[in-house]
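Visitor: Hey, dropping run_7.txt in here, compact mmCIF, C-alpha atoms:
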```txt
# COMPACT_ATOMS: atom_id res chain seq x y z
CA MET A 1 0.00 0.00 0.00
CA THR A 2 1.31 3.44 -0.90
CA GLN A 3 2.24 5.51 2.16
CA ALA A 4 -0.12 8.38 2.93
CA ILE A 5 1.15 11.86 2.13
CA PRO A 6 0.94 14.34 5.03
CA PHE A 7 -0.32 17.83 4.24
CA ILE A 8 2.21 19.24 6.72
CA ASP A 9 5.00 17.04 8.12
CA LEU A 10 5.78 18.03 11.70
CA ALA A 11 7.10 14.59 12.64
CA THR A 12 10.35 14.77 10.64
CA GLN A 13 11.23 18.14 12.15
CA ARG A 14 10.24 16.90 15.62
CA ASP A 15 12.65 13.98 15.35
CA LEU A 16 15.49 16.35 14.47
CA ILE A 17 14.99 18.51 17.56
CA ARG A 18 13.48 16.09 20.08
CA GLU A 19 16.65 15.68 22.12
CA GLY A 20 17.23 19.42 22.42
CA ILE A 21 13.61 20.14 23.34
CA GLU A 22 13.51 17.40 25.95
CA ALA A 23 16.70 18.75 27.55
CA ARG A 24 15.21 22.24 27.70
CA LEU A 25 11.92 20.99 29.13
CA GLY A 26 13.86 19.06 31.77
CA ARG A 27 15.66 22.23 32.86
CA ILE A 28 12.36 24.08 33.12
CA MET A 29 10.95 21.28 35.27
CA ASP A 30 14.04 21.32 37.51
CA GLN A 31 14.05 25.12 37.86
CA GLY A 32 10.27 25.56 38.11
CA SER A 33 10.52 28.54 35.73
CA PHE A 34 7.16 27.93 34.07
CA ILE A 35 6.09 31.57 33.52
CA GLN A 36 8.36 34.23 31.95
CA GLY A 37 11.38 32.03 32.58
CA PRO A 38 14.83 32.17 30.95
CA GLU A 39 13.62 30.31 27.85
CA VAL A 40 11.23 33.17 27.09
CA ALA A 41 13.93 35.81 27.41
CA GLU A 42 16.23 33.73 25.21
CA PHE A 43 13.58 33.37 22.56
CA GLU A 44 12.70 37.07 22.51
CA ALA A 45 16.38 37.94 22.10
CA GLY A 46 16.78 35.35 19.35
CA LEU A 47 13.76 36.59 17.44
CA SER A 48 15.00 40.18 17.64
CA ALA A 49 18.36 39.05 16.30
CA PHE A 50 16.66 37.20 13.44
CA SER A 51 14.52 40.16 12.38
CA GLY A 52 16.77 43.05 13.30
CA MET A 53 13.94 44.71 15.23
CA ALA A 54 14.82 46.20 18.60
CA GLU A 55 11.88 44.94 20.65
CA THR A 56 10.20 41.54 20.74
CA VAL A 57 7.22 41.00 23.04
CA SER A 58 6.19 37.36 23.09
CA CYS A 59 2.57 36.56 23.86
CA SER A 60 0.06 33.74 24.08
CA SER A 61 -1.25 33.67 20.48
CA GLY A 62 -1.14 35.34 17.11
CA THR A 63 -4.59 36.77 17.82
CA ASP A 64 -3.32 38.53 20.95
CA ALA A 65 -0.33 39.73 18.94
CA LEU A 66 -2.77 41.58 16.65
CA LEU A 67 -5.08 42.79 19.41
CA MET A 68 -2.47 44.18 21.80
CA PRO A 69 -1.15 46.96 19.51
CA LEU A 70 -4.71 48.14 18.89
CA MET A 71 -5.19 48.31 22.66
CA ALA A 72 -1.87 50.12 23.10
CA TRP A 73 -2.87 52.75 20.54
CA ASN A 74 -6.32 53.16 22.16
CA ILE A 75 -8.09 52.17 18.95
CA GLY A 76 -11.74 51.57 19.69
CA PRO A 77 -15.31 52.77 19.03
CA GLY A 78 -15.59 55.16 16.11
CA ASP A 79 -12.25 54.08 14.65
CA ALA A 80 -11.76 52.33 11.30
CA VAL A 81 -9.13 49.64 10.75
CA PHE A 82 -8.60 48.51 7.15
CA VAL A 83 -8.12 44.79 6.55
CA PRO A 84 -8.30 42.36 3.63
CA SER A 85 -11.33 40.10 3.51
CA PHE A 86 -9.36 37.19 2.05
CA THR A 87 -7.69 36.04 5.25
CA PHE A 88 -8.27 34.16 8.49
CA ALA A 89 -10.88 35.53 10.89
CA ALA A 90 -8.36 36.74 13.48
CA THR A 91 -7.29 39.67 11.28
CA ALA A 92 -10.73 41.27 11.54
CA GLU A 93 -11.75 39.64 14.82
CA VAL A 94 -9.29 41.72 16.83
CA VAL A 95 -10.72 44.93 15.37
CA GLY A 96 -14.16 44.03 16.64
CA LEU A 97 -12.79 42.93 20.01
CA ALA A 98 -11.16 46.36 20.37
CA GLY A 99 -14.56 47.96 19.71
CA ALA A 100 -13.44 49.43 16.38
CA THR A 101 -14.86 48.90 12.89
CA ALA A 102 -13.14 46.64 10.36
CA VAL A 103 -13.35 47.98 6.80
CA PHE A 104 -12.77 45.28 4.22
CA VAL A 105 -10.39 45.86 1.31
CA GLU A 106 -9.78 43.99 -1.95
CA VAL A 107 -6.78 41.78 -2.72
CA LEU A 108 -4.78 41.36 -5.92
CA PRO A 109 -5.72 38.46 -8.22
CA ASP A 110 -2.15 37.19 -8.66
CA THR A 111 -0.40 37.62 -5.29
CA PHE A 112 -3.62 37.31 -3.21
CA ASN A 113 -2.31 40.10 -0.94
CA ILE A 114 -4.00 43.42 -0.17
CA ASP A 115 -4.46 45.74 -3.17
CA PRO A 116 -2.70 49.04 -2.30
CA GLU A 117 -4.72 51.13 -4.75
CA HIS A 118 -8.06 49.76 -3.55
CA LEU A 119 -6.82 50.38 -0.02
CA ARG A 120 -6.05 54.03 -0.79
CA ARG A 121 -9.46 54.61 -2.39
CA THR A 122 -11.23 52.93 0.53
CA VAL A 123 -9.37 54.93 3.18
CA ALA A 124 -10.09 58.14 1.28
CA ALA A 125 -13.79 57.29 1.02
CA ILE A 126 -14.07 56.54 4.75
CA ALA A 127 -12.24 59.77 5.59
CA ARG A 128 -14.57 61.80 3.34
CA ALA A 129 -17.69 60.23 4.81
CA GLY A 130 -16.63 61.37 8.26
CA GLU A 131 -18.55 58.71 10.21
CA LEU A 132 -15.42 56.78 11.21
CA ARG A 133 -11.88 57.89 12.03
CA PRO A 134 -9.29 56.03 9.93
CA ARG A 135 -6.69 54.77 12.42
CA ALA A 136 -4.81 51.70 11.19
CA ILE A 137 -4.13 49.17 8.45
CA ILE A 138 -3.55 45.46 9.02
CA ALA A 139 -1.85 43.99 5.96
CA VAL A 140 -1.60 40.19 5.76
CA ASP A 141 1.43 38.30 4.45
CA LEU A 142 -0.79 35.66 2.92
CA PHE A 143 0.31 32.05 2.45
CA GLY A 144 3.87 33.09 3.34
CA GLN A 145 4.35 35.98 0.90
CA ILE A 146 5.17 39.41 2.30
CA ALA A 147 2.68 42.09 1.23
CA ASP A 148 3.75 44.93 -1.06
CA TYR A 149 4.51 47.24 1.84
CA ALA A 150 6.03 50.30 0.15
CA PRO A 151 2.74 51.54 -1.38
CA ILE A 152 0.83 50.40 1.73
CA ARG A 153 3.20 52.46 3.88
CA ALA A 154 2.61 55.41 1.56
CA VAL A 155 -1.15 55.15 2.18
CA ALA A 156 -0.54 54.93 5.93
CA ASP A 157 1.65 58.03 5.83
CA GLU A 158 -0.79 59.97 3.64
CA PHE A 159 -3.65 59.46 6.08
CA GLY A 160 -1.68 59.26 9.34
CA LEU A 161 -2.44 55.60 10.01
CA LYS A 162 -0.61 52.92 11.98
CA LEU A 163 0.50 49.88 9.98
CA ILE A 164 0.49 46.34 11.35
CA SER A 165 1.98 43.42 9.46
CA ASP A 166 -0.06 40.28 10.12
CA ALA A 167 2.87 37.94 9.55
CA ALA A 168 1.23 34.84 11.01
CA GLN A 169 1.85 32.99 7.74
CA GLY A 170 4.70 35.05 6.35
CA PHE A 171 7.08 35.71 9.24
CA GLY A 172 10.55 35.62 7.72
CA SER A 173 9.42 36.57 4.21
CA THR A 174 11.39 39.37 2.58
CA ARG A 175 10.92 41.84 -0.26
CA GLY A 176 14.08 43.29 -1.77
CA GLY A 177 15.97 41.84 1.18
CA HIS A 178 13.77 43.59 3.75
CA LEU A 179 11.49 41.99 6.32
CA ALA A 180 8.05 43.50 6.99
CA GLY A 181 9.40 45.52 9.91
CA HIS A 182 11.23 47.74 7.41
CA TRP A 183 7.83 49.34 6.69
CA ALA A 184 5.39 48.33 9.42
CA ASP A 185 5.05 49.95 12.84
CA VAL A 186 4.40 46.51 14.27
CA VAL A 187 4.96 42.95 13.06
CA ALA A 188 2.60 40.43 14.66
CA THR A 189 3.03 36.70 14.24
CA SER A 190 1.62 33.38 15.36
CA PHE A 191 3.43 30.24 16.47
CA TYR A 192 0.50 27.88 15.98
CA PRO A 193 2.04 24.46 15.19
CA ALA A 194 1.17 24.54 11.47
CA LYS A 195 2.98 27.87 10.88
CA PRO A 196 6.42 27.88 9.23
CA LEU A 197 7.82 28.81 12.66
CA GLY A 198 5.51 27.09 15.11
CA CYS A 199 5.52 25.75 18.65
CA TYR A 200 3.61 22.77 20.08
CA GLY A 201 0.65 24.77 21.34
CA ASP A 202 -0.42 28.38 21.04
CA GLY A 203 1.97 31.30 20.98
CA GLY A 204 2.70 34.60 19.29
CA ALA A 205 4.96 37.64 19.25
CA ILE A 206 4.90 41.35 18.50
CA GLN A 207 7.96 43.13 17.13
CA THR A 208 8.62 46.86 16.92
CA ASP A 209 11.42 49.41 17.03
CA ASP A 210 9.31 51.65 19.31
CA ALA A 211 10.58 51.13 22.87
CA GLU A 212 7.70 53.10 24.41
CA LEU A 213 5.14 50.99 22.56
CA ALA A 214 6.94 47.81 23.63
CA ALA A 215 6.73 48.87 27.28
CA ILE A 216 2.96 49.36 26.94
CA LEU A 217 2.63 45.98 25.24
CA ARG A 218 4.48 44.29 28.09
CA SER A 219 2.08 45.94 30.52
CA ILE A 220 -0.95 44.81 28.51
CA ARG A 221 0.50 41.29 28.37
CA VAL A 222 0.16 40.98 32.15
CA HIS A 223 -3.19 42.58 33.07
CA GLY A 224 -2.05 46.13 32.38
CA GLY A 225 0.35 46.09 35.30
CA GLY A 226 2.50 49.05 36.27
CA SER A 227 5.59 49.14 38.46
CA ASP A 228 3.66 47.16 41.08
CA LYS A 229 1.57 44.16 40.07
CA TYR A 230 -1.26 45.45 42.25
CA ASP A 231 -1.20 48.86 40.58
CA ASN A 232 -2.72 48.13 37.17
CA VAL A 233 -2.42 51.24 35.03
CA ARG A 234 -4.52 50.10 32.05
CA LEU A 235 -6.81 47.31 30.97
CA GLY A 236 -4.84 44.28 29.90
CA LEU A 237 -4.86 40.58 29.20
CA THR A 238 -3.35 37.32 30.37
CA ALA A 239 -1.23 36.95 27.26
CA ARG A 240 2.13 35.45 28.19
CA LEU A 241 4.06 32.89 26.14
CA ASP A 242 4.76 30.01 28.50
CA SER A 243 8.27 28.68 29.02
CA PHE A 244 7.55 25.25 27.52
CA GLN A 245 6.52 26.77 24.20
CA ALA A 246 9.51 29.13 24.24
CA ALA A 247 11.76 26.10 24.71
CA VAL A 248 10.30 24.50 21.58
CA LEU A 249 10.68 27.72 19.64
CA ASN A 250 14.31 28.16 20.66
CA GLU A 251 15.13 24.82 19.05
CA LYS A 252 13.01 25.52 15.97
CA LEU A 253 14.41 29.02 15.43
CA ALA A 254 17.84 27.51 14.80
CA LEU A 255 16.38 25.51 11.89
CA PHE A 256 14.19 28.28 10.53
CA PRO A 257 16.53 29.98 7.98
CA GLY A 258 17.37 26.63 6.39
CA GLU A 259 13.72 25.65 6.31
CA ILE A 260 12.79 28.86 4.47
CA GLU A 261 15.40 27.99 1.84
CA ALA A 262 13.97 24.48 1.56
CA ARG A 263 10.43 25.79 1.14
CA MET A 264 11.56 28.15 -1.62
CA ARG A 265 13.31 25.27 -3.40
CA ILE A 266 10.25 23.00 -3.11
CA ALA A 267 7.91 25.76 -4.32
CA ALA A 268 10.16 26.46 -7.30
CA ARG A 269 10.06 22.77 -8.21
CA TYR A 270 6.26 22.79 -7.98
CA GLY A 271 6.25 25.72 -10.37
CA GLU A 272 8.52 23.90 -12.82
CA HIS A 273 6.52 20.67 -12.87
CA LEU A 274 2.89 21.72 -12.43
CA ALA A 275 0.92 22.55 -15.56
CA GLY A 276 -2.65 23.61 -16.12
CA VAL A 277 -2.96 25.50 -12.83
CA ALA A 278 -2.41 29.11 -11.76
CA PRO A 279 -0.44 29.28 -8.48
CA GLN A 280 0.00 32.31 -6.27
CA THR A 281 2.41 34.67 -8.03
CA ILE A 282 5.60 35.54 -6.15
CA ALA A 283 7.42 38.72 -7.11
CA GLY A 284 11.00 38.30 -8.31
CA ASP A 285 12.54 40.07 -5.32
CA VAL A 286 10.43 38.17 -2.73
CA VAL A 287 11.48 35.29 -0.51
CA SER A 288 8.31 33.57 0.69
CA THR A 289 8.03 31.22 3.64
CA TRP A 290 5.43 29.27 1.65
CA ALA A 291 3.13 28.51 4.55
CA GLN A 292 0.82 27.12 1.85
CA TYR A 293 1.30 26.32 -1.82
CA THR A 294 -1.98 27.50 -3.31
CA ILE A 295 -3.34 27.10 -6.82
CA ARG A 296 -6.58 28.14 -8.53
CA VAL A 297 -8.95 25.55 -10.00
CA PRO A 298 -11.53 27.44 -12.12
CA GLY A 299 -14.91 26.66 -13.56
CA GLY A 300 -16.61 25.45 -10.41
CA ARG A 301 -14.58 22.24 -10.50
CA ARG A 302 -12.57 22.64 -7.30
CA ASP A 303 -14.62 20.21 -5.22
CA ALA A 304 -14.42 17.56 -7.91
CA PHE A 305 -10.67 18.15 -8.24
CA MET A 306 -10.21 17.74 -4.48
CA ALA A 307 -12.21 14.51 -4.52
CA GLU A 308 -10.00 13.16 -7.29
CA MET A 309 -6.88 14.14 -5.34
CA LYS A 310 -8.21 12.37 -2.27
CA ASP A 311 -8.81 9.23 -4.31
CA ARG A 312 -5.15 9.38 -5.29
CA GLY A 313 -4.00 9.70 -1.67
CA VAL A 314 -3.08 13.38 -1.79
CA PRO A 315 -4.62 15.74 0.80
CA THR A 316 -5.73 19.24 -0.19
CA VAL A 317 -7.11 22.10 1.90
CA ILE A 318 -9.09 25.25 1.11
CA TYR A 319 -7.79 28.54 2.54
CA TYR A 320 -10.30 30.36 2.48
CA GLY A 321 -13.68 29.14 1.27
CA LYS A 322 -15.73 32.12 2.43
CA ALA A 323 -14.56 35.72 2.57
CA LEU A 324 -14.75 37.50 5.92
CA HIS A 325 -17.23 40.09 4.66
CA GLN A 326 -19.58 37.21 3.80
CA GLN A 327 -19.37 35.53 7.21
CA THR A 328 -22.09 35.97 9.83
CA ALA A 329 -19.93 37.70 12.44
CA TYR A 330 -18.58 40.29 9.99
CA ARG A 331 -21.45 41.08 7.60
CA HIS A 332 -22.24 44.34 9.37
CA PHE A 333 -18.76 45.78 8.72
CA PRO A 334 -18.34 48.06 5.68
CA VAL A 335 -16.81 46.90 2.41
CA GLY A 336 -14.64 49.19 0.33
CA GLY A 337 -15.44 50.24 -3.22
CA ASN A 338 -18.12 48.45 -5.20
CA GLY A 339 -17.63 45.11 -3.51
CA LEU A 340 -14.75 42.64 -3.53
CA PRO A 341 -15.06 40.56 -6.72
CA VAL A 342 -11.46 39.34 -6.73
CA THR A 343 -11.75 38.11 -3.16
CA GLU A 344 -15.01 36.32 -3.88
CA ALA A 345 -13.58 34.70 -7.02
CA LEU A 346 -10.52 33.45 -5.10
CA CYS A 347 -12.72 31.95 -2.41
CA GLY A 348 -14.38 29.80 -5.05
CA GLU A 349 -11.17 28.62 -6.74
CA VAL A 350 -8.20 28.36 -4.36
CA VAL A 351 -6.92 25.04 -3.06
CA SER A 352 -3.64 24.28 -1.32
CA LEU A 353 -1.30 21.36 -1.94
CA PRO A 354 1.00 19.67 0.61
CA MET A 355 3.87 21.99 1.54
CA HIS A 356 6.55 21.76 4.21
CA ALA A 357 10.33 21.98 4.45
CA TYR A 358 10.80 18.18 4.40
CA LEU A 359 8.83 17.35 1.24
CA ASP A 360 11.16 15.15 -0.80
CA GLU A 361 11.20 14.96 -4.58
CA THR A 362 9.74 11.46 -4.78
CA VAL A 363 6.66 12.46 -2.80
CA GLN A 364 6.41 15.75 -4.67
CA ASP A 365 6.43 13.87 -7.96
CA ARG A 366 3.47 11.81 -6.72
CA ILE A 367 1.62 15.04 -5.90
CA VAL A 368 2.39 16.60 -9.29
CA GLU A 369 1.23 13.46 -11.09
CA ALA A 370 -1.97 13.41 -9.02
CA VAL A 371 -2.66 17.05 -9.90
CA ALA A 372 -2.32 16.33 -13.62
CA ASP A 373 -4.50 13.22 -13.44
CA SER A 374 -7.13 14.99 -11.32
CA LEU A 375 -7.31 17.98 -13.66
CA ARG A 376 -7.89 15.68 -16.61
CA ALA A 377 -10.50 13.73 -14.65
CA VAL A 378 -12.57 16.90 -14.09
CA GLY A 379 -12.23 18.09 -17.67
CA LEU A 380 -9.51 20.72 -17.23
CA PRO A 381 -6.27 20.90 -19.23
CA ALA A 382 -3.24 19.47 -17.43
CA ALA A 383 -0.65 20.97 -19.75
```
Any chance you could put this one into structure tokens?
Guide:
Amino acid sequence: MTQAIPFIDLATQRDLIREGIEARLGRIMDQGSFIQGPEVAEFEAGLSAFSGMAETVSCSSGTDALLMPLMAWNIGPGDAVFVPSFTFAATAEVVGLAGATAVFVEVLPDTFNIDPEHLRRTVAAIARAGELRPRAIIAVDLFGQIADYAPIRAVADEFGLKLISDAAQGFGSTRGGHLAGHWADVVATSFYPAKPLGCYGDGGAIQTDDAELAAILRSIRVHGGGSDKYDNVRLGLTARLDSFQAAVLNEKLALFPGEIEARMRIAARYGEHLAGVAPQTIAGDVVSTWAQYTIRVPGGRRDAFMAEMKDRGVPTVIYYGKALHQQTAYRHFPVGGNGLPVTEALCGEVVSLPMHAYLDETVQDRIVEAVADSLRAVGLPAA
């Protein structure tokens, strides 16, 4: 029987770092340093060294990493935060949790990332209407590809907005050699296990070069505490990264640069061997972390294609089948322009293939062959 193909292979990586993780966990157990212990400080320093950003504030999830800057900037009722609709719920969820209004923006049909020109028009329209105060942009580094931040930064500067990079999928991606922090006020990321840099539970981090902002974020992370833990100076959260997860991340961070290179190599090989599909376009000066390798299957045949792939032993996943502006919790939020046709088209066509840093060529060839056979089976050209 042919061995099943994993969509994401965490086991191979786990076996490489098991000994180091177990040694670190043993030290934590011996020391009893379960909360904000040395492993957390080590990880924050290592992540700052990796990104070149001065301040790293680890936290309990990628969602908290997005919410905490909004809290620090006092963004709330009456404020507008501009977000793409083609993304995971957390990007807009945090806006609602802060009491602000998410305004949904279109994405580009090739890169799937936020459309800077549609963003500018939407911000201008909200500003003219005068019912909401434009305050911030959350740009998403979708499927591992850094957004086109230079024009997004220009929009932020034109209207006096804060800019957050939602790098949950694209932490480590670069454009022209620069990480997202080159443009963004804040980089927020998630360490959910399936992310390119993930732990074995929930975790996140916020990075910034603003020391004053970082101090506020550290206060928010622990109930809004001041110099004395019983003198809380603001509303806050319980949002710490625990020492066990930091231990895992310290071991994984050492592998991360090499894994990004491997993902780029595997994605390039997909591009060379796949025919008859339109994958996410990556700009020539971009290094993507390839959190997902996503293609478009047109003509309403995606479900049939996925069924054929399953019959051939290859898993596929849809990210994202319904746009945020179409979901029950977010339908009351405004939508920029005359709707989001690109977003809605992508939601009906995208499907992701297995992608991870340990995908060998033999398995990848099986996937490529299955794609070609499945396309033919549903009446689409495979070459």
Visitor: Nearest to A:Ser60: which of A:Ala89, A:Ile206, A:Ala124, A:Ala329 is it, counting only C-alpha atoms?
Guide: A:Ile206
Visitor: Considering only C-alpha atoms, return as number ranges by chain whatever protein or nucleic-acid residues lie within 10 Å of A:Ile260, sequence-local ones (same chain, fewer than 5 positions apart) excluded.
Guide: A: 144, 172-173, 196-197, 255, 265-266, 287-291, 356-357
Visitor: Tell me which residues come within 8 Å of (-7.4, 17.8, -4.9), as a ChimeraX atom specification, counting all atoms listed in the file in the file's coordinates.
Guide: /A:302-310,314-316,351,353,371,374
Visitor: Contacts of A:Ala323 at 9 Å or less, counting all atoms listed in the file, minus same-chain residues fewer than 6 places along, as number ranges by chain?
Guide: A: 85-88, 343-344, 346-347
Visitor: Taking C-alpha atoms for each residue, export the selection above as a PDB file, keeping the file's coordinate frame.
Guide:
```pdb
ATOM      1  CA  SER A  85     -11.330  40.100   3.510  1.00  0.00           C
ATOM      2  CA  PHE A  86      -9.360  37.190   2.050  1.00  0.00           C
ATOM      3  CA  THR A  87      -7.690  36.040   5.250  1.00  0.00           C
ATOM      4  CA  PHE A  88      -8.270  34.160   8.490  1.00  0.00           C
ATOM      5  CA  THR A 343     -11.750  38.110  -3.160  1.00  0.00           C
ATOM      6  CA  GLU A 344     -15.010  36.320  -3.880  1.00  0.00           C
ATOM      7  CA  LEU A 346     -10.520  33.450  -5.100  1.00  0.00           C
ATOM      8  CA  CYS A 347     -12.720  31.950  -2.410  1.00  0.00           C
TER       9      CYS A 347
END
```
Visitor: May I ask which of the residues A:Ala41, A:Val335, A:Ala4, A:Ile216 is the closest one to A:Val105, counting all atoms listed in the file?
Guide: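 Answer, going by the shortest atom-to-atom distance: A:Val335.
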Visitor: Interatomic distance between atom CA of A:Ser61 and atom CA of A:Gly32?
Guide: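 Interatomic distance here is 22.6 Å.
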Visitor: Please determine, counting only C-alpha atoms, which residue among A:Ala211, A:Val123, A:Ala278, A:Ala139 has the shortest atom-to-atom distance to A:Val187.
Guide: A:Ala139
